[in-house]
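**Q** Submitted below is the structure of interest, expressed as structure tokens.
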Amino acid sequence: MTITQILTLIVGSTLLYASPLIFTALGGTFSERSGVVNVGLEGIMVVGSFASIVFNLECAESFGAATPWIGLLVGGIAGLLFAIIHAIATVNLRADHVISGTVLNLIAPALCVVLTRLLYEDKGQTDIITESFGLFSFPILEDIPVIGPIFFKNTYVVAYIAILVACVSWFILFKTRFGLRLRAVGEYPQAADTLGIHVSSMKYYAVLLSGFLGGIGGAVVSQSITRNFSAATIAGQGFMAMAAMIFGKWNPIGAMFSSLFFGLAQSLSIVGTAIPVISDIPSIYLKITPYIVTIIVLVLFIGKSEAPAAIGKNYIKSK
């Protein structure tokens, strides 16, 4: 195997596994920039993956190749609707953010598995979908020597969309009035309120946006990696996305690069046996690598990263 072939294998797999983490980490960034901790990203991804798979299975004959793309939106909308619970609990009822997010993580797998059994003849998992995100080659770019075959030939276009969304998210957060208000609410809600910014509304927008992006992240997993839904479809990726968000210091671009790093860690467990340098490492070690990396990152960086000043604090207007 040549170096170009090895790099093509690693880059393609990394992009595939990083794309759901990018979407979900961006969602978490919006939420926590507004001051609302969202540890429920795992549950939101589960709901998004379930909804997209059900849509894909039921509507593939009608929409054909467009089914997985519409499934992304369906997963995003399902995640948004599920995130409303977190918004109501934290913004209206002033519940503890961590407890509310944990409840989402507990409800989602149980709810979706029960619905799967009800919809698919008491089975614990759905059937395999026939319409999934296939490989795509970028015209002209695929012909660039060396770089073209590695990055732009037979690759996953949804990963490039995730990268584009990360850039757009950075622009929204740091270059628009909406982003300035969102960050102000997460840093100094009292001052933002004094300036006429509706604090509760901004927090709602951020949490719902995190639900939409987290749902899309779950839909990417089920429609490009597992191609079905079961209780093990997400398997901790929501928590990896949270780690990527912290590692990226609540910055969309940082979250994107962190997600690519975690995507690389995940991909090695899949393609490692085909890479000469690491093919002799027992597969069990490669499989647990992403989780060990997540723990190490959280231990090393959670104390050093500077979170928004008002994160996790419920805002009471009269105070």
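Within each chain, counting starts at residue 1; across the structure tokens, chains are named A, B, ... in the order shown, with ligands numbered 1 upward in that order.
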I need the residues in segment 150-315 of chain A that are helix (DSSP H, G or I) according to DSSP; give them as a VMD selection string.
**A** chain A and resid 150 to 152 157 to 175 177 to 187 189 to 194 199 to 226 237 to 247 252 to 274 283 to 301
**Q** What is the distance, in Å and to one decimal place, between atom CA of Thr294 of chain A and atom CA of Val168 of chain A?
**A**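 Atom-to-atom, atom CA of Thr294 of chain A to atom CA of Val168 of chain A, that is 25.9 Å.
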**Q** Give me the residues near Lys123 of chain A as a list in words, where near means some atom within 12 Å (using only C-alpha atoms) and where sequence neighbours in that chain fewer than 4 positions away do not count.
**A**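 Residues meeting the cut-off are Cys112, Val113, Val114, Leu115, Thr116, Arg117, Leu118, Leu119, Asp127, Phe229, Ser230 and Ala231 of chain A.
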**Q** Store the residues picked out above, limited to N, CA and C atoms, as a short mmCIF file (atom, residue, chain, number, x, y, z; two decimals), in the first residue's frame.
**A**
```
data_model
loop_
_atom_site.label_atom_id
_atom_site.label_comp_id
_atom_site.auth_asym_id
_atom_site.auth_seq_id
_atom_site.Cartn_x
_atom_site.Cartn_y
_atom_site.Cartn_z
N CYS A 112 -36.78 5.67 22.29
CA CYS A 112 -36.58 5.29 20.89
C CYS A 112 -36.55 3.78 20.70
N VAL A 113 -36.01 3.05 21.67
CA VAL A 113 -36.02 1.59 21.57
C VAL A 113 -37.45 1.06 21.67
N VAL A 114 -38.23 1.63 22.57
CA VAL A 114 -39.64 1.21 22.69
C VAL A 114 -40.39 1.48 21.39
N LEU A 115 -40.17 2.67 20.82
CA LEU A 115 -40.84 3.01 19.55
C LEU A 115 -40.36 2.08 18.43
N THR A 116 -39.09 1.72 18.45
CA THR A 116 -38.57 0.79 17.44
C THR A 116 -39.28 -0.56 17.54
N ARG A 117 -39.45 -1.04 18.76
CA ARG A 117 -40.14 -2.33 18.94
C ARG A 117 -41.60 -2.24 18.49
N LEU A 118 -42.24 -1.10 18.76
CA LEU A 118 -43.63 -0.94 18.36
C LEU A 118 -43.78 -0.85 16.84
N LEU A 119 -42.82 -0.17 16.19
CA LEU A 119 -42.95 0.07 14.75
C LEU A 119 -42.46 -1.10 13.91
N ASP A 127 -34.43 -2.13 10.30
CA ASP A 127 -33.78 -2.73 9.14
C ASP A 127 -32.68 -1.80 8.62
N PHE A 229 -30.88 1.79 13.10
CA PHE A 229 -30.95 2.35 14.46
C PHE A 229 -31.10 1.23 15.47
N SER A 230 -30.33 1.34 16.54
CA SER A 230 -30.47 0.45 17.70
C SER A 230 -30.05 1.25 18.92
N ALA A 231 -30.12 0.63 20.07
CA ALA A 231 -29.74 1.33 21.30
C ALA A 231 -28.27 1.72 21.31
#
```
**Q** Ranking A:Pro149, A:Leu41, A:Phe174, A:Glu131 by minimum distance to Val103 of chain A and counting only C-alpha atoms, which one comes first?
**A**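 With only C-alpha atoms as the atom set, the closest residue is A:Leu41.
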**Q** Nearest residue to Thr233 of chain A out of A:Ile163, A:Met202, A:Val47, A:Leu21, using only C-alpha atoms?
**A**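 Of A:Ile163, A:Met202, A:Val47, A:Leu21, the one nearest Thr233 of chain A, counting only C-alpha atoms, is A:Val47.
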**Q** Leaving out Tyr205 of chain A and any residue of its chain fewer than 6 positions from it, which residues lie within 12 Å of it when counting only C-alpha atoms, given as an mmCIF file with N, CA, C and O atoms, in the first residue's frame?
**A**
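The resulting file, part.cif, is reproduced below:
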```
data_model
loop_
_atom_site.group_PDB
_atom_site.id
_atom_site.type_symbol
_atom_site.label_atom_id
_atom_site.label_comp_id
_atom_site.auth_asym_id
_atom_site.auth_seq_id
_atom_site.Cartn_x
_atom_site.Cartn_y
_atom_site.Cartn_z
ATOM 1 N N GLY A 27 -23.644 22.612 17.924
ATOM 2 C CA GLY A 27 -24.881 22.821 18.683
ATOM 3 C C GLY A 27 -24.599 23.112 20.139
ATOM 4 O O GLY A 27 -25.167 24.038 20.736
ATOM 5 N N PHE A 30 -23.285 26.719 20.635
ATOM 6 C CA PHE A 30 -24.324 27.759 20.655
ATOM 7 C C PHE A 30 -25.025 27.777 22.015
ATOM 8 O O PHE A 30 -25.262 28.844 22.592
ATOM 9 N N SER A 31 -25.385 26.587 22.506
ATOM 10 C CA SER A 31 -26.121 26.523 23.766
ATOM 11 C C SER A 31 -25.296 27.081 24.919
ATOM 12 O O SER A 31 -25.771 27.910 25.702
ATOM 13 N N GLU A 32 -24.060 26.633 25.010
ATOM 14 C CA GLU A 32 -23.256 27.025 26.167
ATOM 15 C C GLU A 32 -22.743 28.455 26.041
ATOM 16 O O GLU A 32 -22.455 29.101 27.042
ATOM 17 N N ARG A 33 -22.640 28.973 24.828
ATOM 18 C CA ARG A 33 -22.308 30.394 24.667
ATOM 19 C C ARG A 33 -23.429 31.290 25.204
ATOM 20 O O ARG A 33 -23.215 32.435 25.574
ATOM 21 N N SER A 34 -24.653 30.739 25.245
ATOM 22 C CA SER A 34 -25.771 31.508 25.800
ATOM 23 C C SER A 34 -25.887 31.312 27.312
ATOM 24 O O SER A 34 -26.767 31.901 27.940
ATOM 25 N N GLY A 35 -25.033 30.442 27.877
ATOM 26 C CA GLY A 35 -25.058 30.208 29.312
ATOM 27 C C GLY A 35 -25.813 28.966 29.731
ATOM 28 O O GLY A 35 -25.903 28.680 30.928
ATOM 29 N N VAL A 36 -26.354 28.213 28.775
ATOM 30 C CA VAL A 36 -27.111 27.002 29.106
ATOM 31 C C VAL A 36 -26.241 25.772 28.845
ATOM 32 O O VAL A 36 -25.890 25.485 27.704
ATOM 33 N N LEU A 80 -34.559 19.276 17.593
ATOM 34 C CA LEU A 80 -35.064 20.582 18.056
ATOM 35 C C LEU A 80 -36.266 20.420 18.979
ATOM 36 O O LEU A 80 -36.331 21.034 20.051
ATOM 37 N N ALA A 83 -35.207 19.094 22.271
ATOM 38 C CA ALA A 83 -34.463 20.076 23.062
ATOM 39 C C ALA A 83 -35.386 21.089 23.743
ATOM 40 O O ALA A 83 -34.962 21.792 24.669
ATOM 41 N N ILE A 84 -36.626 21.174 23.288
ATOM 42 C CA ILE A 84 -37.579 22.088 23.929
ATOM 43 C C ILE A 84 -37.731 21.739 25.408
ATOM 44 O O ILE A 84 -37.893 22.618 26.262
ATOM 45 N N HIS A 86 -35.446 20.665 27.391
ATOM 46 C CA HIS A 86 -34.304 21.252 28.097
ATOM 47 C C HIS A 86 -34.467 22.769 28.220
ATOM 48 O O HIS A 86 -34.131 23.359 29.263
ATOM 49 N N ALA A 87 -34.990 23.383 27.179
ATOM 50 C CA ALA A 87 -35.182 24.837 27.207
ATOM 51 C C ALA A 87 -36.205 25.229 28.271
ATOM 52 O O ALA A 87 -35.989 26.177 29.048
ATOM 53 N N ILE A 88 -37.317 24.504 28.305
ATOM 54 C CA ILE A 88 -38.356 24.811 29.294
ATOM 55 C C ILE A 88 -37.822 24.593 30.718
ATOM 56 O O ILE A 88 -38.035 25.418 31.612
ATOM 57 N N VAL A 91 -34.727 27.356 31.266
ATOM 58 C CA VAL A 91 -35.040 28.788 31.114
ATOM 59 C C VAL A 91 -36.295 29.168 31.898
ATOM 60 O O VAL A 91 -36.285 30.153 32.652
ATOM 61 N N PHE A 178 -26.698 39.041 16.193
ATOM 62 C CA PHE A 178 -27.266 37.909 16.925
ATOM 63 C C PHE A 178 -26.192 37.217 17.771
ATOM 64 O O PHE A 178 -26.410 36.902 18.941
ATOM 65 N N GLY A 179 -25.024 37.004 17.163
ATOM 66 C CA GLY A 179 -23.950 36.342 17.893
ATOM 67 C C GLY A 179 -23.452 37.173 19.062
ATOM 68 O O GLY A 179 -23.167 36.645 20.147
ATOM 69 N N ARG A 181 -25.176 39.351 20.780
ATOM 70 C CA ARG A 181 -26.189 39.288 21.844
ATOM 71 C C ARG A 181 -26.150 37.936 22.558
ATOM 72 O O ARG A 181 -26.308 37.864 23.784
ATOM 73 N N LEU A 182 -25.945 36.865 21.769
ATOM 74 C CA LEU A 182 -25.903 35.527 22.371
ATOM 75 C C LEU A 182 -24.730 35.413 23.343
ATOM 76 O O LEU A 182 -24.870 34.918 24.465
ATOM 77 N N VAL A 185 -25.355 37.422 26.529
ATOM 78 C CA VAL A 185 -26.257 36.728 27.454
ATOM 79 C C VAL A 185 -25.502 35.652 28.239
ATOM 80 O O VAL A 185 -25.767 35.430 29.426
ATOM 81 N N HIS A 198 -33.548 40.481 25.166
ATOM 82 C CA HIS A 198 -34.438 39.546 25.850
ATOM 83 C C HIS A 198 -33.644 38.268 26.156
ATOM 84 O O HIS A 198 -33.434 37.421 25.271
ATOM 85 N N VAL A 199 -33.196 38.141 27.393
ATOM 86 C CA VAL A 199 -32.287 37.064 27.779
ATOM 87 C C VAL A 199 -32.916 35.684 27.557
ATOM 88 O O VAL A 199 -32.301 34.782 26.973
ATOM 89 N N GLY A 211 -30.321 21.741 19.656
ATOM 90 C CA GLY A 211 -31.121 20.552 19.382
ATOM 91 C C GLY A 211 -31.164 20.228 17.901
ATOM 92 O O GLY A 211 -31.046 19.060 17.499
ATOM 93 N N PHE A 212 -31.305 21.262 17.067
ATOM 94 C CA PHE A 212 -31.361 21.049 15.613
ATOM 95 C C PHE A 212 -30.039 20.475 15.097
ATOM 96 O O PHE A 212 -30.025 19.477 14.363
#
```
**Q** Nearest to Gly238 of chain A among A:Val221, A:Ala192, A:Leu57, A:Ile77, with distances taken over only C-alpha atoms: which residue is it?
**A**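 Smallest distance to Gly238 of chain A is found for A:Val221.
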**Q** If you count only C-alpha atoms, which residues fall within 10 Å of Leu16 of chain A, apart from same-chain ones fewer than 2 positions away, as a PyMOL selection string?
**A** chain A and resi 10-14+18-21+155-160+220-221+224-225+260+263-264+266-267
**Q** Report as a compact mmCIF listing (two decimals) with all heavy atoms, in the first residue's frame all protein, DNA and RNA residues lying within 7 Å of Gly28 of chain A, evaluated on only C-alpha atoms, omitting residues in the same chain fewer than 4 positions from it.
**A**
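To be explicit, this is the file written out as selection.txt:
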```
# COMPACT_ATOMS: atom_id res chain seq x y z
N THR A 24 -22.75 18.26 16.14
CA THR A 24 -23.22 18.24 17.53
C THR A 24 -22.41 19.19 18.41
O THR A 24 -22.97 19.88 19.28
CB THR A 24 -23.15 16.81 18.09
OG1 THR A 24 -23.81 15.92 17.18
CG2 THR A 24 -23.82 16.72 19.44
N GLU A 32 -24.06 26.63 25.01
CA GLU A 32 -23.26 27.03 26.17
C GLU A 32 -22.74 28.45 26.04
O GLU A 32 -22.46 29.10 27.04
CB GLU A 32 -22.12 26.02 26.36
CG GLU A 32 -22.66 24.61 26.58
CD GLU A 32 -21.77 23.74 27.42
OE1 GLU A 32 -20.65 24.16 27.75
OE2 GLU A 32 -22.21 22.63 27.74
N ASN A 38 -25.50 22.09 28.12
CA ASN A 38 -26.32 21.08 27.45
C ASN A 38 -25.59 19.74 27.44
O ASN A 38 -24.91 19.40 26.48
CB ASN A 38 -26.65 21.52 26.02
CG ASN A 38 -27.75 20.67 25.41
OD1 ASN A 38 -28.12 19.64 25.97
ND2 ASN A 38 -28.29 21.09 24.28
N SER A 210 -29.09 24.18 19.27
CA SER A 210 -28.26 23.03 19.65
C SER A 210 -29.02 21.72 19.41
O SER A 210 -28.42 20.71 19.02
CB SER A 210 -27.84 23.13 21.12
OG SER A 210 -28.90 22.81 21.99
N MET A 242 -19.23 16.88 23.21
CA MET A 242 -19.05 17.83 24.32
C MET A 242 -17.58 18.05 24.61
O MET A 242 -17.13 19.18 24.84
CB MET A 242 -19.75 17.30 25.57
CG MET A 242 -21.25 17.40 25.56
SD MET A 242 -21.94 16.97 27.15
CE MET A 242 -21.21 18.23 28.18
N MET A 245 -16.18 20.26 22.04
CA MET A 245 -16.59 21.65 22.29
C MET A 245 -15.67 22.30 23.33
O MET A 245 -15.22 23.44 23.16
CB MET A 245 -18.04 21.67 22.76
CG MET A 245 -18.56 23.02 23.21
SD MET A 245 -20.16 22.83 24.01
CE MET A 245 -19.71 21.92 25.50
```
**Q** Mind giving me the straight-line distance from atom CA of Trp170 of chain A to atom CA of Val299 of chain A in Å, one decimal?
**A**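 Computing it gives 25.9 Å between the two atoms.
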**Q** Which residues are near Gly248 of chain A? Cut-off 12 Å, only C-alpha atoms, ignore same chain within fewer than 2 positions. Put them as a ChimeraX atom specification.
**A** /A:22,25-26,28-29,166,240-246,250-262,297-298,301-302,304-307
**Q** I'd like the interatomic distance between atom CA of Glu58 of chain A and atom CA of Ile128 of chain A, to a tenth of an Å.
**A**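 So the two atoms, atom CA of Glu58 of chain A and atom CA of Ile128 of chain A, lie 11.8 Å apart.
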**Q** Name the closest residue to Gly43 of chain A among the candidates A:Phe138, A:Phe82, A:Tyr204, A:Phe151; distances are taken between atoms, counting only C-alpha atoms.
**A** A:Phe82
